[in-house]
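The structure appears right after this line, and notes come after that.
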Amino acid sequence: MTKKLILLIFLFLCLSGCAIVSEEIINLSYTPQPEVSIIPDAGNVIISVKVINNTGGKGFYKNLVGYKGNAKGLFVNDVETIIRQAMEKELRSRGFTINNEAFFLIFAELTYLWNDFNSGDAVAGLRMTISIKSKKGDTLFSRILIGEGVQPNILLTSGKNAELALNKALENGMKLLFNEQSFISALLEISKKIPAN
């Protein structure tokens with residue numbers, strides 16, 4: 001095989017977005033939603049947020065992102081902390097109060113986190129079970145949340161492109177959650193259900 005042919009094959013892999021990558025650190029991050037308004041009566045609600053990473057057994061474990069296709073797994077930073085901070089930012093921007101000792105909490109269980117490279121795009125997704133519960137175990141709200149993100153027209157299957165897609169998946173997931181009226185209504189109900197001292 002000539003050097004010229006080898007070079008052409010390499011360029012083809014790069015341009016098609018199918019190059020194999022080695023393990024890299026992905027720094028998952030979150031950009032809060034812009035121009036969010038304070039929700040009336042949100043100031044009367046005190047809540048805490050807890051996130052657990054329960055992705056073990058779904059093709060990857062803890063902070064390992066599961067890959068489809070021909071790329072190796074990539075590790076991300078502290079997923080639980082990033083998701084918790086994302087939720088807290090969105091809550092505060094709407095006027096809710098965060099306190100770790102609150103009687104009610106938002107409990108988020110991350111069950112699936114993945115990235116793939118497909119036809120020149122980096123695609124990613126996450127799945128969480130979101131619930132609002134009291135310390136006594138009463139549930140005010142529960143749903144499965146799926147966030148998806150795409151970084152289009154990539155040249156390399158790199159950790160950076162996977163990172164961009166994963167960040168978009170988280171941002172889209174938070175947008176879906178906080179745009180759901182039943183979630184906001186359940187939060188506002190908290191002020192009516194706090195037991196008297």
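Order determines the names: the first chain of the structure tokens is A, the second B, and so forth; residues in each chain are numbered 1 upward, and ligands are numbered 1 upward as they are shown.
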Residue list (alpha helix (DSSP H), DSSP) for range 27-196 of chain A, as a ChimeraX atom specification: /A:79-93,159-178,181-193
Backbone-only DSSP, strand (DSSP E) members of range 83-160 of chain A, as a PDB file with N, CA and C atoms, in the first residue's frame:
ATOM      1  N   THR A  97     -36.402  28.447  46.553  1.00  0.00           N
ATOM      2  CA  THR A  97     -35.312  28.462  47.532  1.00  0.00           C
ATOM      3  C   THR A  97     -34.740  27.062  47.700  1.00  0.00           C
ATOM      4  N   ILE A  98     -33.414  26.950  47.666  1.00  0.00           N
ATOM      5  CA  ILE A  98     -32.741  25.671  47.838  1.00  0.00           C
ATOM      6  C   ILE A  98     -32.202  25.567  49.251  1.00  0.00           C
ATOM      7  N   PHE A 104     -39.135  18.694  51.502  1.00  0.00           N
ATOM      8  CA  PHE A 104     -39.359  18.084  50.191  1.00  0.00           C
ATOM      9  C   PHE A 104     -38.076  18.140  49.369  1.00  0.00           C
ATOM     10  N   LEU A 105     -37.910  17.167  48.502  1.00  0.00           N
ATOM     11  CA  LEU A 105     -36.751  17.170  47.623  1.00  0.00           C
ATOM     12  C   LEU A 105     -37.117  16.711  46.224  1.00  0.00           C
ATOM     13  N   ILE A 106     -36.329  17.180  45.267  1.00  0.00           N
ATOM     14  CA  ILE A 106     -36.375  16.651  43.907  1.00  0.00           C
ATOM     15  C   ILE A 106     -35.333  15.547  43.838  1.00  0.00           C
ATOM     16  N   PHE A 107     -35.777  14.358  43.491  1.00  0.00           N
ATOM     17  CA  PHE A 107     -34.885  13.207  43.414  1.00  0.00           C
ATOM     18  C   PHE A 107     -34.740  12.810  41.946  1.00  0.00           C
ATOM     19  N   ALA A 108     -33.515  12.828  41.460  1.00  0.00           N
ATOM     20  CA  ALA A 108     -33.247  12.490  40.057  1.00  0.00           C
ATOM     21  C   ALA A 108     -32.327  11.282  40.003  1.00  0.00           C
ATOM     22  N   GLU A 109     -32.787  10.234  39.336  1.00  0.00           N
ATOM     23  CA  GLU A 109     -31.983   9.024  39.163  1.00  0.00           C
ATOM     24  C   GLU A 109     -31.579   8.905  37.697  1.00  0.00           C
ATOM     25  N   LEU A 110     -30.294   9.080  37.442  1.00  0.00           N
ATOM     26  CA  LEU A 110     -29.772   8.946  36.087  1.00  0.00           C
ATOM     27  C   LEU A 110     -29.612   7.469  35.759  1.00  0.00           C
ATOM     28  N   THR A 111     -30.324   7.014  34.736  1.00  0.00           N
ATOM     29  CA  THR A 111     -30.301   5.592  34.406  1.00  0.00           C
ATOM     30  C   THR A 111     -29.649   5.297  33.055  1.00  0.00           C
ATOM     31  N   TYR A 112     -29.424   6.322  32.247  1.00  0.00           N
ATOM     32  CA  TYR A 112     -28.856   6.079  30.923  1.00  0.00           C
ATOM     33  C   TYR A 112     -28.145   7.329  30.448  1.00  0.00           C
ATOM     34  N   LEU A 113     -26.922   7.159  29.939  1.00  0.00           N
ATOM     35  CA  LEU A 113     -26.130   8.268  29.432  1.00  0.00           C
ATOM     36  C   LEU A 113     -25.275   7.733  28.288  1.00  0.00           C
ATOM     37  N   TRP A 114     -25.441   8.280  27.088  1.00  0.00           N
ATOM     38  CA  TRP A 114     -24.733   7.703  25.956  1.00  0.00           C
ATOM     39  C   TRP A 114     -24.359   8.750  24.916  1.00  0.00           C
ATOM     40  N   ASN A 115     -23.417   8.374  24.077  1.00  0.00           N
ATOM     41  CA  ASN A 115     -23.002   9.192  22.950  1.00  0.00           C
ATOM     42  C   ASN A 115     -22.724   8.288  21.760  1.00  0.00           C
ATOM     43  N   ASP A 116     -23.000   8.782  20.569  1.00  0.00           N
ATOM     44  CA  ASP A 116     -22.756   8.019  19.358  1.00  0.00           C
ATOM     45  C   ASP A 116     -22.325   8.981  18.261  1.00  0.00           C
ATOM     46  N   PHE A 117     -21.640   8.467  17.257  1.00  0.00           N
ATOM     47  CA  PHE A 117     -21.289   9.239  16.075  1.00  0.00           C
ATOM     48  C   PHE A 117     -21.999   8.604  14.892  1.00  0.00           C
ATOM     49  N   ASN A 118     -22.811   9.420  14.215  1.00  0.00           N
ATOM     50  CA  ASN A 118     -23.687   8.861  13.190  1.00  0.00           C
ATOM     51  C   ASN A 118     -23.770   9.802  11.996  1.00  0.00           C
ATOM     52  N   ASP A 121     -22.489  13.324  12.467  1.00  0.00           N
ATOM     53  CA  ASP A 121     -22.996  14.050  13.625  1.00  0.00           C
ATOM     54  C   ASP A 121     -22.589  13.329  14.907  1.00  0.00           C
ATOM     55  N   ALA A 122     -22.404  14.106  15.970  1.00  0.00           N
ATOM     56  CA  ALA A 122     -22.268  13.530  17.304  1.00  0.00           C
ATOM     57  C   ALA A 122     -23.634  13.631  17.976  1.00  0.00           C
ATOM     58  N   VAL A 123     -24.174  12.520  18.417  1.00  0.00           N
ATOM     59  CA  VAL A 123     -25.485  12.516  19.063  1.00  0.00           C
ATOM     60  C   VAL A 123     -25.330  11.952  20.470  1.00  0.00           C
ATOM     61  N   ALA A 124     -26.171  12.429  21.370  1.00  0.00           N
ATOM     62  CA  ALA A 124     -26.067  12.003  22.764  1.00  0.00           C
ATOM     63  C   ALA A 124     -27.442  11.998  23.400  1.00  0.00           C
ATOM     64  N   GLY A 125     -27.563  11.297  24.507  1.00  0.00           N
ATOM     65  CA  GLY A 125     -28.831  11.250  25.215  1.00  0.00           C
ATOM     66  C   GLY A 125     -28.649  10.884  26.666  1.00  0.00           C
ATOM     67  N   LEU A 126     -29.602  11.277  27.455  1.00  0.00           N
ATOM     68  CA  LEU A 126     -29.644  10.875  28.863  1.00  0.00           C
ATOM     69  C   LEU A 126     -31.078  10.549  29.234  1.00  0.00           C
ATOM     70  N   ARG A 127     -31.233   9.687  30.221  1.00  0.00           N
ATOM     71  CA  ARG A 127     -32.557   9.347  30.729  1.00  0.00           C
ATOM     72  C   ARG A 127     -32.505   9.389  32.240  1.00  0.00           C
ATOM     73  N   MET A 128     -33.469  10.086  32.828  1.00  0.00           N
ATOM     74  CA  MET A 128     -33.555  10.196  34.282  1.00  0.00           C
ATOM     75  C   MET A 128     -34.991   9.979  34.739  1.00  0.00           C
ATOM     76  N   THR A 129     -35.122   9.416  35.901  1.00  0.00           N
ATOM     77  CA  THR A 129     -36.415   9.388  36.569  1.00  0.00           C
ATOM     78  C   THR A 129     -36.431  10.539  37.561  1.00  0.00           C
ATOM     79  N   ILE A 130     -37.382  11.453  37.381  1.00  0.00           N
ATOM     80  CA  ILE A 130     -37.483  12.644  38.220  1.00  0.00           C
ATOM     81  C   ILE A 130     -38.701  12.512  39.125  1.00  0.00           C
ATOM     82  N   SER A 131     -38.520  12.758  40.406  1.00  0.00           N
ATOM     83  CA  SER A 131     -39.657  12.725  41.326  1.00  0.00           C
ATOM     84  C   SER A 131     -39.507  13.823  42.371  1.00  0.00           C
ATOM     85  N   ILE A 132     -40.640  14.281  42.877  1.00  0.00           N
ATOM     86  CA  ILE A 132     -40.676  15.212  43.994  1.00  0.00           C
ATOM     87  C   ILE A 132     -41.274  14.461  45.167  1.00  0.00           C
ATOM     88  N   LYS A 133     -40.510  14.349  46.249  1.00  0.00           N
ATOM     89  CA  LYS A 133     -40.929  13.540  47.390  1.00  0.00           C
ATOM     90  C   LYS A 133     -40.762  14.304  48.694  1.00  0.00           C
ATOM     91  N   SER A 134     -41.551  13.882  49.695  1.00  0.00           N
ATOM     92  CA  SER A 134     -41.368  14.415  51.037  1.00  0.00           C
ATOM     93  C   SER A 134     -40.453  13.493  51.823  1.00  0.00           C
ATOM     94  N   THR A 139     -45.125  11.106  47.351  1.00  0.00           N
ATOM     95  CA  THR A 139     -44.685  11.545  46.023  1.00  0.00           C
ATOM     96  C   THR A 139     -45.687  12.523  45.427  1.00  0.00           C
ATOM     97  N   LEU A 140     -45.212  13.706  45.060  1.00  0.00           N
ATOM     98  CA  LEU A 140     -46.062  14.718  44.434  1.00  0.00           C
ATOM     99  C   LEU A 140     -45.954  14.696  42.919  1.00  0.00           C
ATOM    100  N   PHE A 141     -44.840  14.172  42.418  1.00  0.00           N
ATOM    101  CA  PHE A 141     -44.605  14.214  40.980  1.00  0.00           C
ATOM    102  C   PHE A 141     -43.612  13.127  40.614  1.00  0.00           C
ATOM    103  N   SER A 142     -43.819  12.518  39.438  1.00  0.00           N
ATOM    104  CA  SER A 142     -42.869  11.515  38.956  1.00  0.00           C
ATOM    105  C   SER A 142     -42.989  11.389  37.436  1.00  0.00           C
ATOM    106  N   ARG A 143     -41.848  11.334  36.774  1.00  0.00           N
ATOM    107  CA  ARG A 143     -41.857  11.128  35.333  1.00  0.00           C
ATOM    108  C   ARG A 143     -40.466  10.679  34.885  1.00  0.00           C
ATOM    109  N   ILE A 144     -40.428  10.069  33.715  1.00  0.00           N
ATOM    110  CA  ILE A 144     -39.157   9.725  33.081  1.00  0.00           C
ATOM    111  C   ILE A 144     -38.802  10.849  32.113  1.00  0.00           C
ATOM    112  N   LEU A 145     -37.612  11.376  32.263  1.00  0.00           N
ATOM    113  CA  LEU A 145     -37.156  12.491  31.447  1.00  0.00           C
ATOM    114  C   LEU A 145     -36.079  12.005  30.481  1.00  0.00           C
ATOM    115  N   ILE A 146     -36.242  12.309  29.202  1.00  0.00           N
ATOM    116  CA  ILE A 146     -35.264  11.942  28.187  1.00  0.00           C
ATOM    117  C   ILE A 146     -34.794  13.217  27.495  1.00  0.00           C
ATOM    118  N   GLY A 147     -33.499  13.450  27.549  1.00  0.00           N
ATOM    119  CA  GLY A 147     -32.916  14.598  26.865  1.00  0.00           C
ATOM    120  C   GLY A 147     -31.989  14.124  25.760  1.00  0.00           C
ATOM    121  N   GLU A 148     -32.060  14.764  24.605  1.00  0.00           N
ATOM    122  CA  GLU A 148     -31.223  14.384  23.475  1.00  0.00           C
ATOM    123  C   GLU A 148     -30.508  15.610  22.929  1.00  0.00           C
ATOM    124  N   GLY A 149     -29.292  15.382  22.404  1.00  0.00           N
ATOM    125  CA  GLY A 149     -28.520  16.487  21.848  1.00  0.00           C
ATOM    126  C   GLY A 149     -27.755  16.045  20.619  1.00  0.00           C
ATOM    127  N   VAL A 150     -27.572  16.970  19.684  1.00  0.00           N
ATOM    128  CA  VAL A 150     -26.850  16.686  18.441  1.00  0.00           C
ATOM    129  C   VAL A 150     -25.844  17.800  18.181  1.00  0.00           C
ATOM    130  N   GLN A 151     -24.617  17.422  17.900  1.00  0.00           N
ATOM    131  CA  GLN A 151     -23.607  18.346  17.395  1.00  0.00           C
ATOM    132  C   GLN A 151     -23.386  17.979  15.921  1.00  0.00           C
TER     133      GLN A 151
END
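The nearest approach to Gly120 in chain A among the residues A:Ser37, A:Ser191, A:Asn153, A:Asn172, with only C-alpha atoms taken into account, belongs to A:Asn153.
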Near-Phe178 in chain A list (9 Å; only C-alpha atoms; drop same-chain fewer than 5 positions) as JSON, numbers by chain: {"A": [90, 91, 173, 183, 184]}
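In this comparison, which uses only C-alpha atoms, the residue of A:Ala162, A:Asp41, A:Val36, A:Asn53 approaching Lys89 in chain A most closely is A:Val36.
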Separation of CA of Ser93 in chain A from CA of Ile38 in chain A in Å: 6.7 Å
